[in-house]
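The structure appears right after this line, and notes come after that.
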Number of protein chains: 2
Amino acid sequence: MRQSQLFTKTIKEIKSDESSVNAQLLLRGGFIHKEMAGVYSFLPLGLRVINKIIGIIREEMNALGGQELFLASLQDPEVWKKSGRWDDKVLDVWFKSKFANESEVGFASTHEEPLAALMRNYISSYRDLPKYVYQFQTKFRNELRAKSGIMRVREFIMKDLYSFSRDEKEFREFYEKCAEAYMKIFSRAGIGELTFRTFASGGSFSKFSDEFQTISNAGEDTIFVDKKKKIAINKEVCSDEVIADLKIKKEDLIEEKAIEVGNIFPLGTKYSEALGLNFKDEKGNSKPVVMGCYGIGPGRLMGTIVEVYHDEKGIIWPKEVAPFAAHLIFLKGGENVAEKIYEGLEKEGIEILYDDRDDKTAGEKFTDCDLIGIPTRIVLSERTLKENSVEIKERNSKETKLVKINEIAKYIK
Amino acid sequence: MRQSQLFTKTIKEIKSDESSVNAQLLLRGGFIHKEMAGVYSFLPLGLRVINKIIGIIREEMNALGGQELFLASLQDPEVWKKSGRWDDKVLDVWFKSKFANESEVGFASTHEEPLAALMRNYISSYRDLPKYVYQFQTKFRNELRAKSGIMRVREFIMKDLYSFSRDEKEFREFYEKCAEAYMKIFSRAGIGELTFRTFASGGSFSKFSDEFQTISNAGEDTIFVDKKKKIAINKEVCSDEVIADLKIKKEDLIEEKAIEVGNIFPLGTKYSEALGLNFKDEKGNSKPVVMGCYGIGPGRLMGTIVEVYHDEKGIIWPKEVAPFAAHLIFLKGGENVAEKIYEGLEKEGIEILYDDRDDKTAGEKFTDCDLIGIPTRIVLSERTLKENSVEIKERNSKETKLVKINEIAKYIK
């Protein structure tokens, strides 16, 4: 894409109450726009990152046998009354409104109830199980306090997968497979080494659940990490008993601040019983379906990546989630050849942001490039042209090297 | 995909008040699920169709130079008060709610105001124009009466593009290009021959606008069509003056019922003036940006396709929007070879729904196949195997033909 065509521009300074690093850098780079406290829009660069993250998650969910659907946001109170969660005291993040005929309607903050109701149409026998269903859909959460930039917001896209199993054993097998898929997702997104499967409270659903926590000072949570065993315990549930259960030595645990980038929850039969989602087993007995839910917020993941990968100049995107693979810049004398290189790389299918702006100084171009944080910077100047080369620098390195023009595509791939 | 794995099943009869053909067939085929009146969820088959339609629209919007973003649903009343549209009497489809701190918030039914406000950050000079920005985002519309199945609903994904131009002339050039792109989209989606650019009222924005109307008895609109000139006039604005303006002969006009599948609107400077979206022209004078908006609802397009392409047995999907390219069915004796054909076609990158269910009769399989409406049906039986062939039938034809097994992929491509 030509940068002269991109409608966003970088912003030198954000005049706002935005204190988090992720929002500051994403706003300045033109990735997001703040509509209100806790409400952000995604601009073209930001949407590219979100779509890369969604692409990774979708591949891994499909590999698990997940089937994608798209559930409505508008919620029928009758469905939620069956589980008791229509009550604002039970579920305290509702946005509610009224239809033109004055009857009440809610905006979904999660989808257990309507999905359990829907699945009644399709699950009646043990032969219909197990099934795994997921979506990427906006969630609305009327949080009292939005904070941490794009990480705790009032509206966000969420990947929520729900599992439907015959019994606890079948459920557990999938639960463990999904935990592995989650670690793969975080690795592909570049934060694998900083992210730990974390033993946590099961909330109202079950005694325990698993969170995926990424070590960062921007985190709201405190966890105890065993880095050798690649496992952690949320401070909230960390007791001698739990430590013993997990066969961890207390002295191996290090306290860290962390961001919750994903969670997986056993739901048991709470919602299937409430909504009447039953199946007939091999013997003809009716049983409630055993459910689980599995969430990742692509926006929060994006914010986390910015929190852990940035420097004083800007963002440092990992390759697989970067908005573009390379950022091409020309200095004086490089214009004409830059055009040809850009067109050539586009033809090779390399996603490239081409800074073709002729009203910017070299300094401004480099500053923008560091702020936006695309992994590979390609600079073309009179000096490099003498060598029939470009200068290539990775965003996460200080080293530069000359690469022959006809070898750029090979280098980037 | 293996049909045995698909969690949805076809439904013989819909016990509901659903009277529209599109909702009946889409519900029965397992494409959608009805949550409430005017609120539908998209199941895997339906989401595949929606994504095909979105893919076509996205390609054509990108070809126009459109830049994709994703605007928040939650709306700040202050922004809308500037244009006067926060008032329910002015914009009568609002869903409104309250934040936890009791301040008001709305759910977007359209995005002119927040986008004009956002663009102030990026448009200041004539050099920043023109720009074209679009999204696929849920719209919430508190319609008094939902009707026509998935065609007039309270929540739907919409492609809305907004143009930002220096003057009327620059705006008109894009407007005409976008009208051409729209016709291309409808042609690719299979309804080109039934769809007419239709002269219509400009509503509160301008004297006239253009609708794209698809001839169908399920339509809510009445249009007068000149089939030779491939142009139409909405009955609401059809006067002798308009007919003369468009250089149409009154006797060439045929009255038809039609479904509005898209519309394009001049917005003039209404929102740019209200929100203060101005630019400096070449002479340094400050001027309001000239705006236009361009909408297509992928869900309504899907419903329209079903209305115009179905028979008493089910849906007949046009190739480019079909959930799969082919539906593979085996009859007694065909099991083992069917597995191999399925795997072979998947490897060739052909999207195939493979009816591998062993508890269904041939009759049930054929009935499901016709209802779901995938363009090409491939049947494998002892009889066809003797010829080392399969029987292929197009959904929109009665003819069957034998095709050699090693030529199936070539045939479908």
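How things are named: the first chain in the structure tokens is A, the next is B, and so on; residues count from 1 in each chain; ligands count from 1 in the order shown.
Neighbours of A:Ile14 closer than or equal to 9 Å, with only C-alpha atoms counted and sequence neighbours fewer than 3 positions away skipped, come out as A:Ile11, A:Asp17, A:Glu18, A:Gln24, A:Leu27, A:Arg28.
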Please report as a Markdown table every residue of chain A lying within 8 Å of chain B, along with the nearest atom pair and their distance in Å (one decimal), using only C-alpha atoms.
| residue | atom | partner | partner_atom | distance |
| --- | --- | --- | --- | --- |
| A:Leu6 | CA | B:Gln67 | CA | 7.6 |
| A:Phe7 | CA | B:Tyr122 | CA | 6.5 |
| A:Thr8 | CA | B:Tyr122 | CA | 5.8 |
| A:Lys9 | CA | B:Tyr122 | CA | 6.4 |
| A:His33 | CA | B:Leu118 | CA | 7.4 |
| A:Glu35 | CA | B:Asp76 | CA | 7.3 |
| A:Met36 | CA | B:Asp76 | CA | 6.8 |
| A:Val39 | CA | B:Ala72 | CA | 6.7 |
| A:Tyr40 | CA | B:Ala72 | CA | 6.1 |
| A:Ser41 | CA | B:Leu71 | CA | 4.4 |
| A:Phe42 | CA | B:Phe70 | CA | 5.0 |
| A:Leu43 | CA | B:Leu69 | CA | 4.7 |
| A:Pro44 | CA | B:Leu69 | CA | 4.9 |
| A:Leu47 | CA | B:Leu69 | CA | 6.1 |
| A:Gln67 | CA | B:Pro44 | CA | 6.5 |
| A:Glu68 | CA | B:Pro44 | CA | 5.6 |
| A:Leu69 | CA | B:Leu43 | CA | 4.7 |
| A:Phe70 | CA | B:Phe42 | CA | 5.0 |
| A:Leu71 | CA | B:Ser41 | CA | 4.4 |
| A:Ala72 | CA | B:Ser41 | CA | 5.0 |
| A:Ser73 | CA | B:Glu155 | CA | 7.7 |
| A:Leu74 | CA | B:Val39 | CA | 7.1 |
| A:Gln75 | CA | B:Glu35 | CA | 7.7 |
| A:Asp76 | CA | B:Met36 | CA | 6.8 |
| A:Phe95 | CA | B:Ser97 | CA | 6.2 |
| A:Lys96 | CA | B:Ser97 | CA | 5.9 |
| A:Ser97 | CA | B:Ser97 | CA | 5.3 |
| A:Lys98 | CA | B:Phe95 | CA | 6.9 |
| A:Phe99 | CA | B:Asn142 | CA | 6.1 |
| A:Ala100 | CA | B:Leu144 | CA | 5.4 |
| A:Asn101 | CA | B:Leu144 | CA | 7.0 |
| A:Pro114 | CA | B:Glu35 | CA | 7.8 |
| A:Leu118 | CA | B:His33 | CA | 7.4 |
| A:Tyr122 | CA | B:Thr8 | CA | 5.8 |
| A:Asp128 | CA | B:Phe7 | CA | 7.5 |
| A:Lys131 | CA | B:Phe7 | CA | 6.8 |
| A:Asn142 | CA | B:Phe99 | CA | 6.1 |
| A:Glu143 | CA | B:Ala100 | CA | 6.9 |
| A:Leu144 | CA | B:Ala100 | CA | 5.4 |
| A:Glu155 | CA | B:Leu74 | CA | 7.3 |
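In this model, the gap between atom CA of B:Phe136 and atom CA of B:Ile57 comes to 9.7 Å.
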- [ ] Would you mind writing down, as a VMD selection string, each residue of stretch 190-310 of chain B that DSSP on the backbone assigns to helix (DSSP H, G or I)?
- [x] chain B and resid 192 to 194 235 to 237 240 to 245 250 to 252 270 to 275 298 to 308
Open item on the list: I want to know what sits within 6 Å of stretch 350-366 of chain B, based on only C-alpha atoms, with residues of the same chain fewer than 5 positions away left out; could you give that as a list of chain:residue names?
Closed with: B:Met1, B:Arg2, B:Gln3, B:Ser4, B:Phe324, B:Ala325, B:Ala326, B:His327, B:Leu328, B:Ile329, B:Leu345
- [ ] Name the residues in contact with B:Lys235 at a cut-off of 9 Å, using only C-alpha atoms, excluding same-chain residues fewer than 5 positions from it; report them as a PyMOL selection string.
- [x] chain B and resi 200+221-224+255
Could the residues in this selection be written to a file with C-alpha atoms, as a PDB file, in the first residue's frame?
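Saved the output as result.pdb:
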ATOM      1  CA  ALA B 200     -35.065   7.343  -6.062  1.00  0.00           C
ATOM      2  CA  ASP B 221     -40.803  -1.514  -3.292  1.00  0.00           C
ATOM      3  CA  THR B 222     -42.491  -0.830  -6.591  1.00  0.00           C
ATOM      4  CA  ILE B 223     -40.355   0.342  -9.481  1.00  0.00           C
ATOM      5  CA  PHE B 224     -40.857   1.169 -13.144  1.00  0.00           C
ATOM      6  CA  GLU B 255     -44.141  -1.938 -13.177  1.00  0.00           C
TER       7      GLU B 255
END
Task: Test item, strand (DSSP E) assignment across stretch 46-211 of chain A, answer as a ChimeraX atom specification - done: /A:67-68,74-75,95-98,104-107,131-140,155-165,195-201,208-211
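Among the candidate residues B:Lys413, B:Lys280, B:Lys247, B:Arg300, the one lying nearest to B:Lys319 is B:Lys413, with distances computed using only C-alpha atoms.
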Open item on the list: Need to verify the contact set: B:Asn278, 8 Å, only C-alpha atoms, exclusion of same-chain residues closer than 6 positions in sequence. Can you return it as a list in words?
Closed with: Arg120, Ile123, Ser124, Ser272, Ser286, Lys287, Pro288 and Val289 of chain B
Open item on the list: Which residues are close to B:Leu385, i.e. within 9 Å by only C-alpha atoms, leaving aside same-chain residues fewer than 6 positions away? Reply as a VMD selection string.
Closed with: chain B and resid 333 to 334 337 405
TODO: Please identify all polymer residues within 12 Å of A:Tyr411, counting only C-alpha atoms, omitting same-chain residues fewer than 5 positions from it, and present them as an MDAnalysis selection string.
DONE: chainID A and resid 325:326 345 350 376:378 390:394 401:406
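Put simply, atom CA of A:Ala322 is 14.8 Å away from atom CA of A:Ile185.
With only C-alpha atoms as the atoms that count, the minimum distance from B:Ile54 to the choices B:Gly373, B:Gly292, B:Pro298, B:Gly149 is reached by B:Pro298.
Atom pair atom CA of B:Phe265 / atom CA of B:Ala108: separated by 18.3 Å.
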Task: Residue among A:Glu168, A:Asp311, A:Glu220, A:Glu113 lying closest to A:Ile372, counting only C-alpha atoms - done: A:Asp311
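Counting only C-alpha atoms and comparing A:Glu307, A:Glu256, A:Asp160, A:Glu382, the residue that lies closest to A:Ile215 is A:Glu256.
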